[in-house]
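K.L.:
So here's coords-v8.cif (mmCIF, C-alpha atoms and all ligand atoms).
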```cif
data_protein
loop_
_atom_site.label_atom_id
_atom_site.label_comp_id
_atom_site.auth_asym_id
_atom_site.auth_seq_id
_atom_site.Cartn_x
_atom_site.Cartn_y
_atom_site.Cartn_z
CA MET A 18 -29.45 -24.17 34.93
CA ARG A 19 -29.23 -22.93 31.34
CA TYR A 20 -26.97 -24.78 28.90
CA THR A 21 -25.10 -23.74 25.79
CA THR A 22 -23.37 -25.47 22.89
CA ALA A 23 -20.82 -24.49 20.27
CA PRO A 24 -20.57 -25.81 16.72
CA LEU A 25 -17.28 -27.50 17.64
CA ILE A 26 -18.54 -28.75 21.04
CA PRO A 27 -22.08 -29.99 20.41
CA GLU A 28 -22.80 -31.34 23.88
CA SER A 29 -24.60 -29.18 26.43
CA MET A 30 -22.33 -27.10 28.63
CA SER A 31 -23.71 -25.29 31.67
CA VAL A 32 -23.71 -21.50 31.27
CA VAL A 33 -22.17 -21.32 34.75
CA GLY A 34 -18.95 -23.29 34.90
CA PHE A 35 -16.63 -23.91 37.85
CA GLY A 36 -13.11 -22.46 37.89
CA CYS A 37 -10.90 -24.69 40.03
CA TRP A 38 -7.88 -22.48 40.67
CA PRO A 39 -9.25 -21.75 44.18
CA LEU A 40 -8.99 -25.52 44.86
CA SER A 41 -5.20 -25.11 44.85
CA GLY A 42 -4.89 -25.79 48.56
CA PRO A 43 -3.80 -23.66 51.50
CA GLY A 44 -1.72 -20.56 50.91
CA VAL A 45 -2.88 -19.70 47.38
CA TRP A 46 -6.28 -18.06 47.92
CA THR A 47 -7.82 -17.11 51.27
CA ALA A 48 -9.54 -19.48 53.75
CA TYR A 49 -9.17 -22.77 51.85
CA ASP A 50 -10.80 -25.81 53.45
CA GLU A 51 -10.57 -29.19 51.72
CA THR A 52 -13.85 -30.64 53.00
CA GLU A 53 -15.66 -27.48 51.90
CA ALA A 54 -13.90 -27.51 48.52
CA ILE A 55 -15.04 -31.07 47.84
CA ALA A 56 -18.57 -30.28 48.99
CA SER A 57 -18.54 -27.25 46.64
CA VAL A 58 -17.77 -29.39 43.60
CA ARG A 59 -20.45 -31.92 44.52
CA ARG A 60 -23.07 -29.24 45.16
CA ALA A 61 -22.22 -27.66 41.82
CA VAL A 62 -22.94 -30.95 40.03
CA ASP A 63 -26.22 -31.27 41.98
CA LEU A 64 -27.16 -27.78 40.73
CA GLY A 65 -26.49 -28.68 37.09
CA VAL A 66 -22.97 -27.30 36.66
CA ASN A 67 -21.24 -29.67 34.26
CA PHE A 68 -18.09 -27.81 33.17
CA PHE A 69 -15.00 -27.72 35.41
CA ASP A 70 -11.86 -25.82 34.42
CA VAL A 71 -8.65 -26.88 36.15
CA ALA A 72 -4.89 -27.02 35.49
CA PRO A 73 -1.97 -29.13 36.72
CA VAL A 74 -0.20 -25.99 37.92
CA TYR A 75 -3.06 -25.00 40.29
CA GLY A 76 -1.51 -25.95 43.62
CA LEU A 77 1.05 -28.05 41.67
CA GLY A 78 -1.34 -30.97 41.22
CA HIS A 79 -3.55 -30.22 44.23
CA ALA A 80 -6.57 -28.82 42.37
CA GLU A 81 -6.66 -31.71 39.89
CA ARG A 82 -6.49 -34.21 42.78
CA VAL A 83 -9.29 -32.49 44.70
CA LEU A 84 -11.46 -32.31 41.58
CA GLY A 85 -10.86 -35.99 40.79
CA LYS A 86 -11.73 -36.99 44.36
CA ALA A 87 -14.82 -34.78 44.50
CA LEU A 88 -16.23 -35.98 41.17
CA ALA A 89 -15.51 -39.69 41.75
CA GLU A 90 -18.52 -41.58 40.36
CA ARG A 91 -20.04 -38.32 38.97
CA ARG A 92 -17.25 -38.13 36.35
CA ASP A 93 -19.53 -39.08 33.44
CA ALA A 94 -21.96 -36.28 34.27
CA VAL A 95 -19.42 -33.52 33.60
CA LEU A 96 -16.85 -32.14 31.19
CA ILE A 97 -13.35 -31.61 32.58
CA ALA A 98 -11.21 -28.95 30.93
CA SER A 99 -7.61 -29.19 32.06
CA LYS A 100 -4.41 -27.69 30.70
CA PHE A 101 -0.80 -28.41 29.79
CA GLY A 102 2.38 -26.55 28.98
CA LEU A 103 3.36 -25.28 32.44
CA VAL A 104 5.57 -27.71 34.34
CA TRP A 105 7.45 -27.49 37.62
CA ASP A 106 10.74 -28.89 38.89
CA GLU A 107 11.87 -30.27 42.28
CA GLN A 108 12.18 -26.70 43.59
CA ASP A 109 8.62 -25.97 42.37
CA ARG A 110 9.91 -23.53 39.74
CA VAL A 111 7.33 -23.31 36.96
CA THR A 112 8.42 -23.09 33.30
CA ASN A 113 6.80 -23.38 29.87
CA ASN A 114 7.12 -26.67 28.05
CA GLY A 115 5.18 -27.40 24.85
CA THR A 116 7.33 -30.28 23.63
CA GLY A 117 5.68 -33.53 22.60
CA SER A 118 7.53 -35.60 25.21
CA SER A 119 6.54 -33.26 28.03
CA ILE A 120 2.89 -33.28 26.93
CA ARG A 121 2.80 -37.10 26.91
CA THR A 122 4.18 -37.13 30.47
CA GLU A 123 1.86 -34.33 31.63
CA VAL A 124 -1.33 -35.92 30.35
CA GLU A 125 -0.61 -39.19 32.15
CA ALA A 126 -0.03 -37.32 35.43
CA SER A 127 -3.26 -35.32 34.96
CA LEU A 128 -5.29 -38.46 34.24
CA ARG A 129 -3.95 -40.07 37.43
CA ARG A 130 -4.69 -37.01 39.56
CA LEU A 131 -8.15 -36.52 38.02
CA ASN A 132 -8.90 -40.22 38.42
CA THR A 133 -10.19 -40.51 34.86
CA ASP A 134 -9.28 -42.09 31.53
CA HIS A 135 -9.93 -38.99 29.41
CA ILE A 136 -9.89 -35.20 29.52
CA ASP A 137 -12.70 -33.47 27.64
CA VAL A 138 -10.98 -30.20 26.79
CA TYR A 139 -7.17 -30.09 26.82
CA GLN A 140 -5.88 -26.54 26.71
CA MET A 141 -2.38 -25.15 26.25
CA HIS A 142 -2.11 -22.84 29.27
CA TRP A 143 0.34 -20.31 27.80
CA PRO A 144 2.26 -20.38 24.50
CA ASP A 145 5.82 -21.75 24.63
CA PRO A 146 7.94 -19.50 22.41
CA ALA A 147 10.81 -22.02 22.46
CA VAL A 148 8.82 -24.82 20.79
CA ASP A 149 7.35 -24.92 17.30
CA ILE A 150 3.54 -25.06 17.65
CA ASP A 151 3.49 -27.80 14.99
CA GLU A 152 5.27 -30.13 17.45
CA THR A 153 2.80 -29.23 20.21
CA MET A 154 -0.21 -29.72 17.94
CA ALA A 155 1.11 -33.06 16.65
CA ALA A 156 1.28 -34.33 20.24
CA VAL A 157 -2.23 -33.24 21.22
CA LEU A 158 -3.75 -34.42 17.93
CA ASP A 159 -2.24 -37.82 18.63
CA LEU A 160 -3.85 -37.81 22.10
CA GLN A 161 -7.14 -36.81 20.49
CA ALA A 162 -6.93 -39.64 17.95
CA LYS A 163 -6.40 -42.11 20.82
CA GLY A 164 -9.40 -40.73 22.74
CA THR A 165 -7.26 -39.56 25.68
CA ILE A 166 -8.49 -36.03 25.09
CA ARG A 167 -11.63 -34.98 23.25
CA TYR A 168 -11.22 -31.31 22.31
CA ILE A 169 -8.18 -29.06 21.95
CA GLY A 170 -8.14 -25.59 23.48
CA LEU A 171 -5.72 -22.69 23.69
CA SER A 172 -5.29 -20.11 26.42
CA ASN A 173 -3.49 -16.78 26.34
CA PHE A 174 -2.43 -17.17 22.70
CA SER A 175 -2.21 -14.26 20.28
CA LEU A 176 -4.57 -14.40 17.32
CA ALA A 177 -1.62 -14.99 14.98
CA GLU A 178 -0.43 -17.93 17.12
CA MET A 179 -3.95 -19.35 17.26
CA ARG A 180 -4.34 -19.11 13.46
CA ARG A 181 -1.04 -20.95 13.09
CA ALA A 182 -2.09 -23.72 15.50
CA ALA A 183 -5.48 -24.04 13.79
CA GLN A 184 -3.74 -24.97 10.53
CA SER A 185 -2.87 -28.34 12.14
CA GLY A 186 -6.26 -29.20 13.66
CA ALA A 187 -9.50 -27.83 15.08
CA ILE A 188 -9.17 -25.57 18.12
CA ALA A 189 -12.47 -25.83 20.01
CA THR A 190 -11.97 -23.31 22.82
CA PHE A 191 -10.05 -20.17 23.65
CA GLN A 192 -9.56 -19.19 27.26
CA GLY A 193 -8.69 -15.58 28.03
CA LEU A 194 -9.08 -12.77 30.56
CA TYR A 195 -12.49 -11.14 30.10
CA ASN A 196 -14.99 -9.62 32.53
CA LEU A 197 -17.20 -6.55 33.02
CA LEU A 198 -14.17 -4.32 33.69
CA GLU A 199 -11.51 -6.04 31.56
CA HIS A 200 -12.70 -6.14 27.95
CA ASP A 201 -9.46 -5.97 26.00
CA PRO A 202 -6.94 -6.16 28.85
CA ARG A 203 -3.29 -5.71 27.98
CA ALA A 204 -1.90 -7.42 31.07
CA TYR A 205 -2.79 -10.09 33.63
CA HIS A 206 -1.00 -9.93 36.99
CA GLY A 207 1.54 -7.71 35.23
CA ILE A 208 2.12 -10.28 32.45
CA PRO A 209 1.56 -8.70 29.01
CA LEU A 210 -1.30 -10.28 27.04
CA GLU A 211 -0.83 -10.60 23.28
CA TYR A 212 -4.57 -10.94 22.53
CA ARG A 213 -7.57 -8.62 22.82
CA SER A 214 -10.46 -10.67 24.18
CA ARG A 215 -13.50 -8.68 23.10
CA SER A 216 -12.44 -6.88 19.95
CA GLU A 217 -10.24 -9.58 18.42
CA VAL A 218 -10.69 -13.06 19.87
CA LEU A 219 -14.49 -13.20 20.32
CA PRO A 220 -15.18 -12.46 16.62
CA PHE A 221 -12.64 -15.17 15.68
CA VAL A 222 -14.28 -17.62 18.09
CA VAL A 223 -17.74 -16.93 16.62
CA GLU A 224 -16.49 -17.20 13.04
CA HIS A 225 -14.84 -20.57 13.71
CA GLY A 226 -17.58 -22.17 15.83
CA MET A 227 -15.44 -22.26 18.97
CA ALA A 228 -16.38 -21.47 22.59
CA PHE A 229 -14.77 -18.61 24.53
CA LEU A 230 -13.98 -19.46 28.16
CA PRO A 231 -13.65 -16.18 30.09
CA TYR A 232 -11.23 -16.41 32.98
CA SER A 233 -11.42 -14.25 36.10
CA PRO A 234 -15.07 -13.48 35.22
CA LEU A 235 -15.54 -12.02 38.72
CA PHE A 236 -12.29 -10.02 38.54
CA GLN A 237 -10.93 -12.39 41.20
CA GLY A 238 -13.77 -11.48 43.56
CA LEU A 239 -13.94 -7.70 43.02
CA LEU A 240 -17.16 -8.16 40.99
CA THR A 241 -19.10 -9.59 43.92
CA ASP A 242 -21.05 -8.06 46.78
CA SER A 243 -18.56 -8.99 49.49
CA TYR A 244 -15.04 -8.29 48.18
CA ASP A 245 -12.76 -6.68 50.78
CA SER A 246 -9.05 -6.48 49.98
CA ALA A 247 -8.35 -5.90 53.69
CA THR A 248 -9.38 -9.50 54.48
CA LEU A 249 -6.98 -11.20 52.03
CA GLU A 250 -4.32 -13.37 53.63
CA SER A 251 -0.78 -12.13 52.95
CA SER A 252 -0.10 -15.20 50.76
CA ASP A 253 -3.28 -14.68 48.68
CA VAL A 254 -2.45 -14.68 44.97
CA ARG A 255 -4.57 -11.55 44.48
CA ASN A 256 -1.95 -9.47 46.27
CA ALA A 257 0.09 -9.95 43.09
CA ASN A 258 -2.60 -8.43 40.85
CA PRO A 259 -1.60 -4.76 40.33
CA LYS A 260 -5.18 -3.91 39.29
CA LEU A 261 -6.39 -4.94 42.76
CA THR A 262 -3.48 -3.51 44.74
CA GLY A 263 -1.75 -0.86 42.60
CA ASN A 264 -2.47 2.75 41.68
CA ALA A 265 -5.55 1.94 39.59
CA ALA A 266 -7.16 -0.21 42.32
CA ASP A 267 -9.35 2.64 43.56
CA LEU A 268 -10.67 3.27 40.04
CA TYR A 269 -11.58 -0.39 39.56
CA ALA A 270 -13.15 -0.47 43.04
CA ALA A 271 -15.25 2.61 42.23
CA ALA A 272 -16.48 1.06 38.97
CA ALA A 273 -17.31 -2.19 40.82
CA ALA A 274 -19.21 -0.19 43.46
CA ASP A 275 -21.40 1.43 40.77
CA LEU A 276 -22.06 -1.97 39.17
CA ARG A 277 -22.93 -3.35 42.62
CA HIS A 278 -25.40 -0.51 43.07
CA LEU A 279 -26.94 -1.26 39.68
CA GLY A 280 -27.16 -4.92 40.67
CA SER A 281 -29.11 -4.00 43.78
CA GLU A 282 -31.49 -1.88 41.65
CA ILE A 283 -32.01 -4.85 39.34
CA GLY A 284 -32.41 -7.02 42.44
CA ARG A 285 -29.48 -9.31 41.60
CA PRO A 286 -26.09 -9.94 43.26
CA LEU A 287 -23.17 -8.45 41.32
CA ALA A 288 -21.52 -11.87 40.80
CA GLN A 289 -24.63 -13.09 38.96
CA VAL A 290 -24.81 -9.88 36.91
CA ALA A 291 -21.12 -10.31 35.98
CA ILE A 292 -21.70 -13.95 34.93
CA ASN A 293 -24.83 -13.18 32.93
CA TRP A 294 -23.27 -10.15 31.20
CA LEU A 295 -20.67 -12.56 29.81
CA ALA A 296 -23.18 -15.33 29.11
CA ALA A 297 -25.27 -12.92 27.00
CA GLN A 298 -22.48 -12.60 24.44
CA GLU A 299 -22.32 -14.61 21.24
CA GLY A 300 -19.57 -17.21 21.21
CA MET A 301 -19.46 -17.48 25.01
CA GLY A 302 -18.92 -20.91 26.52
CA PRO A 303 -19.30 -21.71 30.23
CA VAL A 304 -18.39 -18.78 32.48
CA ILE A 305 -15.76 -20.44 34.65
CA ALA A 306 -16.34 -18.58 37.90
CA GLY A 307 -13.82 -19.52 40.55
CA CYS A 308 -15.28 -20.67 43.85
CA TYR A 309 -14.40 -22.81 46.84
CA THR A 310 -17.35 -22.67 49.19
CA VAL A 311 -20.81 -24.21 48.92
CA ASP A 312 -22.32 -20.79 49.53
CA GLN A 313 -20.49 -19.31 46.53
CA VAL A 314 -21.48 -22.26 44.34
CA VAL A 315 -25.13 -21.85 45.25
CA ARG A 316 -25.02 -18.09 44.63
CA ASN A 317 -23.13 -18.31 41.34
CA SER A 318 -25.14 -21.23 39.96
CA ALA A 319 -28.30 -19.18 40.44
CA ALA A 320 -27.11 -17.02 37.53
CA GLY A 321 -28.07 -19.97 35.36
CA GLU A 322 -31.73 -19.47 36.31
CA TRP A 323 -32.22 -16.01 34.79
CA GLU A 324 -30.96 -13.69 32.01
CA LEU A 325 -30.31 -9.96 31.80
CA ALA A 326 -33.06 -8.08 29.94
CA SER A 327 -32.10 -5.67 27.16
CA ASP A 328 -32.81 -2.58 29.30
CA GLU A 329 -30.60 -4.05 32.06
CA LEU A 330 -27.79 -4.63 29.57
CA ALA A 331 -28.20 -1.03 28.42
CA ALA A 332 -28.01 0.20 32.01
CA ILE A 333 -24.77 -1.77 32.47
CA ASP A 334 -23.39 -0.15 29.30
CA GLY A 335 -24.20 3.21 30.86
CA VAL A 336 -22.17 2.44 33.98
CA LEU A 337 -19.29 1.08 31.90
CA GLU A 338 -19.37 4.21 29.72
CA HIS A 339 -19.10 6.34 32.86
CA HIS A 340 -16.00 4.36 33.90
CA SER A 341 -14.52 4.02 30.40
CA SER A 342 -11.13 5.28 31.62
CA VAL A 343 -10.52 2.06 33.63
CA LEU A 344 -11.83 -0.29 30.95
CA SER A 345 -8.92 -1.89 29.15
N1 LIG B 401 -5.99 -19.66 31.60
C1 LIG B 401 -5.47 -18.88 32.52
O1 LIG B 401 -4.36 -18.38 32.40
C2 LIG B 401 -6.30 -18.60 33.74
C3 LIG B 401 -5.95 -17.53 34.58
C4 LIG B 401 -6.77 -17.29 35.68
C5 LIG B 401 -7.88 -18.08 35.94
N2 LIG B 401 -8.16 -19.13 35.10
C6 LIG B 401 -9.37 -19.97 35.32
O2 LIG B 401 -10.49 -19.12 35.50
C7 LIG B 401 -11.14 -19.43 36.73
C8 LIG B 401 -11.79 -18.20 37.29
O3 LIG B 401 -10.85 -17.19 37.55
P1 LIG B 401 -10.37 -16.82 39.00
O4 LIG B 401 -10.67 -17.98 39.90
O5 LIG B 401 -8.99 -16.34 38.88
O6 LIG B 401 -11.24 -15.56 39.41
P2 LIG B 401 -12.81 -15.21 39.51
O7 LIG B 401 -13.64 -16.33 39.05
O8 LIG B 401 -12.95 -13.91 38.84
O9 LIG B 401 -12.99 -14.97 41.08
C9 LIG B 401 -12.95 -16.06 41.96
C10 LIG B 401 -13.02 -15.61 43.41
O10 LIG B 401 -14.13 -14.74 43.64
C11 LIG B 401 -14.66 -14.99 44.94
N3 LIG B 401 -16.07 -15.36 44.76
C12 LIG B 401 -16.59 -16.28 43.90
N4 LIG B 401 -17.93 -16.30 43.97
C13 LIG B 401 -18.29 -15.39 44.90
C14 LIG B 401 -19.52 -14.96 45.42
N5 LIG B 401 -20.69 -15.45 44.98
N6 LIG B 401 -19.52 -13.98 46.38
C15 LIG B 401 -18.35 -13.47 46.83
N7 LIG B 401 -17.13 -13.86 46.37
C16 LIG B 401 -17.11 -14.80 45.41
C17 LIG B 401 -13.85 -16.12 45.56
O11 LIG B 401 -12.78 -15.59 46.34
P3 LIG B 401 -12.92 -15.09 47.87
O12 LIG B 401 -14.17 -15.68 48.44
O13 LIG B 401 -11.68 -15.57 48.54
O14 LIG B 401 -12.95 -13.59 47.74
C18 LIG B 401 -13.27 -16.78 44.33
O15 LIG B 401 -12.08 -17.47 44.59
C19 LIG B 401 -10.00 -20.01 37.59
O16 LIG B 401 -10.49 -20.69 38.72
C20 LIG B 401 -9.30 -20.86 36.58
O17 LIG B 401 -10.02 -22.05 36.38
C21 LIG B 401 -7.40 -19.37 34.02
#
```
Kindly return the structure encoded in the file as structure tokens.
Ligand SMILES: NC(=O)c1ccc[n+]([C@@H]2O[C@H](COP(=O)([O-])OP(=O)(O)OC[C@H]3O[C@@H](n4cnc5c(N)ncnc54)[C@H](OP(=O)(O)O)[C@@H]3O)[C@@H](O)[C@H]2O)c1
P.N.:
Amino acid sequence: MRYTTAPLIPESMSVVGFGCWPLSGPGVWTAYDETEAIASVRRAVDLGVNFFDVAPVYGLGHAERVLGKALAERRDAVLIASKFGLVWDEQDRVTNNGTGSSIRTEVEASLRRLNTDHIDVYQMHWPDPAVDIDETMAAVLDLQAKGTIRYIGLSNFSLAEMRRAAQSGAIATFQGLYNLLEHDPRAYHGIPLEYRSRSEVLPFVVEHGMAFLPYSPLFQGLLTDSYDSATLESSDVRNANPKLTGNAADLYAAAAADLRHLGSEIGRPLAQVAINWLAAQEGMGPVIAGCYTVDQVVRNSAAGEWELASDELAAIDGVLEHHSSVLS
């Protein structure tokens, strides 16, 4: 496994991270199995993966509980990045909440579920337009001063909102949608995005010594060798991604097919090419590939054993140029 650091996060982070949304439990992704999910986390640690991205809202507490159980006595070997700012009520309706009192309640619940006394990276999942960011930052800075959290991160913030937050304290990570076919995406699952990952946020991240955490690095499975939309369960969250199911789905699928073909010419699986294309970029932190089977963990972790050569990166650029109409 290769490791990376960032000026604001000096400890080694594995180039291949583990995205824990697929640990949400049954009925969110396809074919979830708890025993397999736990084995996946443990195998990942065995293979040198030390960065796990999770959120309370993934399975409404389920993913954090599974991660906490799976890590158990391996907790000190890894960094846990969790999130805050999305809460749910008795009817499981999810809303934004960036108030100080909600954050203090949320962090305690996350610590219990994760079975730990600290969270390494604590990220605001989505901005809360109803709450002044100064109040939110005051709450997380207080948690940082107490050692409950170690680094502060933001996700899905506009650059202007991130600059504003950074006036209160250091922001160590930014998490945003970024993969081979979504460079500066304007929407995620139909939700407008107020940031441009590649052209706007990455330069900011590099300038400020942060780490960029690219979410959906495999385009929710499209950028792999085995994606088949026909096999998704009806409840699978990907059915709600218009880029996988809507009018443009065929264009994205065609671009993925050409990248898959290039991967076979290079002699590498597309998932590893997709991970290493991201990892090759300045400012990139762990590529938090989502997975929930041991087989996927083994395949994705192998990306940490090799790097794309410059002629391979150029060949990828050629394919992307050919499909520039779908790139957003
Ligand atoms: N901050 C945010 O708002 C936000 C939003 C989204 C995600 N995230 C984070 O980013 C992480 C990654 O994003 P994501 O999980 O949405 O999507 P992703 O990493 O792009 O894709 C994950 C899916 O790809 C498939 N897959 C993974 N490895 C594979 C392999 N080697 N071969 C074949 N299929 C493979 C699996 O699904 P199947 O096997 O079922 O096809 C897996 O669930 C999440 O887990 C979460 O931690 C954050």
K.L.:
Under the rule that all atoms listed in the file are counted, which of A:Ala332, A:Ala306, A:Leu198, A:Ala155 is the nearest residue to Ile292 in chain A?
P.N.:
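The closest residue to Ile292 in chain A is A:Ala306.
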K.L.:
What gap, in Å, lies between atom C13 of ligand LIG 401 (chain B) and CA of Asn317 in chain A?
P.N.:
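Distance between the two atoms: 6.7 Å.
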K.L.:
What lies within 6 Å of range 112-117 of chain A using all atoms listed in the file, ignoring chain neighbours under 6 positions off, as a list in words?
P.N.:
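The residues that qualify are Gly102, Leu103, Val104, Asp145, Thr153 and Ala156 of chain A.
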K.L.:
Axis-aligned box over every listed atom of ligand LIG 401 (chain B), padded by 6 Å per side: centre and edges in Å to one decimal, as lines of an AutoDock Vina configuration file?
P.N.:
```
center_x = -12.5
center_y = -17.8
center_z = 40.1
size_x = 28.3
size_y = 20.6
size_z = 28.9
```
K.L.:
Would you kindly return, as a list in words, each protein, DNA or RNA residue with an atom no farther than 10 Å from any atom of range 246-262 of chain A, considering only C-alpha atoms and excluding same-chain residues fewer than 6 positions away?
P.N.:
Pro39, Pro43, Gly44, Val45, Trp46, Thr47, Ala48, Ala204, Tyr205, His206, Gly207, Ile208, Phe236, Gln237, Gly238, Leu239, Leu268, Tyr269, Ala270 and Val343 of chain A
K.L.:
Could you pull out the residues sitting within 6 Å of ligand LIG 401 (chain B), using all atoms listed in the file, and write them as a list in words?
P.N.:
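Final answer, ordered by chain and number: Gly36, Cys37, Trp38, Pro39, Trp46, Thr47, Asp70, Val71, His142, Ser172, Gln192, Tyr232, Ser233, Pro234, Leu235, Phe236, Gln237, Gly238, Thr241, Ser243, Tyr244, Ala288, Ile305, Ala306, Gly307, Cys308, Gln313, Arg316 and Asn317 of chain A.
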K.L.:
Skip Ser127 in chain A itself and residues of its chain fewer than 4 positions away, then list as a list in words all residues within 9 Å of it, counting only C-alpha atoms.
P.N.:
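So, after excluding close chain neighbours, the residues are Ala72, Pro73, Gly78, Glu81, Arg82, Ser99, Lys100, Phe101, Thr122, Glu123, Leu131, Asn132, Thr133 and Ile136 of chain A.
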K.L.:
Selection from above, C-alpha atoms, as a PDB file, keeping the file's coordinate frame, can you write it?
P.N.:
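And here's result-v3.pdb as it stands now:
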```
ATOM      1  CA  ALA A  72      -4.890 -27.020  35.490  1.00  0.00           C
ATOM      2  CA  PRO A  73      -1.970 -29.130  36.720  1.00  0.00           C
ATOM      3  CA  GLY A  78      -1.340 -30.970  41.220  1.00  0.00           C
ATOM      4  CA  GLU A  81      -6.660 -31.710  39.890  1.00  0.00           C
ATOM      5  CA  ARG A  82      -6.490 -34.210  42.780  1.00  0.00           C
ATOM      6  CA  SER A  99      -7.610 -29.190  32.060  1.00  0.00           C
ATOM      7  CA  LYS A 100      -4.410 -27.690  30.700  1.00  0.00           C
ATOM      8  CA  PHE A 101      -0.800 -28.410  29.790  1.00  0.00           C
ATOM      9  CA  THR A 122       4.180 -37.130  30.470  1.00  0.00           C
ATOM     10  CA  GLU A 123       1.860 -34.330  31.630  1.00  0.00           C
ATOM     11  CA  LEU A 131      -8.150 -36.520  38.020  1.00  0.00           C
ATOM     12  CA  ASN A 132      -8.900 -40.220  38.420  1.00  0.00           C
ATOM     13  CA  THR A 133     -10.190 -40.510  34.860  1.00  0.00           C
ATOM     14  CA  ILE A 136      -9.890 -35.200  29.520  1.00  0.00           C
TER      15      ILE A 136
END
```
K.L.:
Which of these, A:Ala187, A:Met18, A:Val66, A:Val148, has the shortest distance to Val222 in chain A once you count all atoms listed in the file?
P.N.:
A:Ala187
K.L.:
Using all atoms listed in the file, find the one residue out of A:Leu158, A:Ile333, A:Leu325, A:Val223 that sits nearest to Leu197 in chain A.
P.N.:
A:Ile333
K.L.:
At most 12 Å is the cut-off: for each residue in range 27-90 of chain A with any atom that close to an atom of range 293-299 of chain A, write down the nearest atom pair and the distance in Å rounded to one decimal, counting all atoms listed in the file, chain first then increasing number, as CSV.
P.N.:
```
residue,atom,partner,partner_atom,distance
A:Met30,CA,A:Ala296,CA,11.8
A:Ser31,CA,A:Ala296,CA,10.3
A:Val32,CA,A:Ala296,CA,6.6
A:Val33,CA,A:Ala296,CA,8.3
A:Gly34,CA,A:Ala296,CA,10.7
```
K.L.:
Kindly export the residues of the current selection with C-alpha atoms, as a CSV table (one decimal), in the coordinates of the input.
P.N.:
```csv
chain,number,residue,atom,x,y,z
A,30,MET,CA,-22.3,-27.1,28.6
A,31,SER,CA,-23.7,-25.3,31.7
A,32,VAL,CA,-23.7,-21.5,31.3
A,33,VAL,CA,-22.2,-21.3,34.8
A,34,GLY,CA,-19.0,-23.3,34.9
```
K.L.:
Which is closest to Tyr212 in chain A among A:Gly335, A:Pro144, A:Gly226, A:Pro303, if we use all atoms listed in the file?
P.N.:
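Smallest distance to Tyr212 in chain A is found for A:Pro144.
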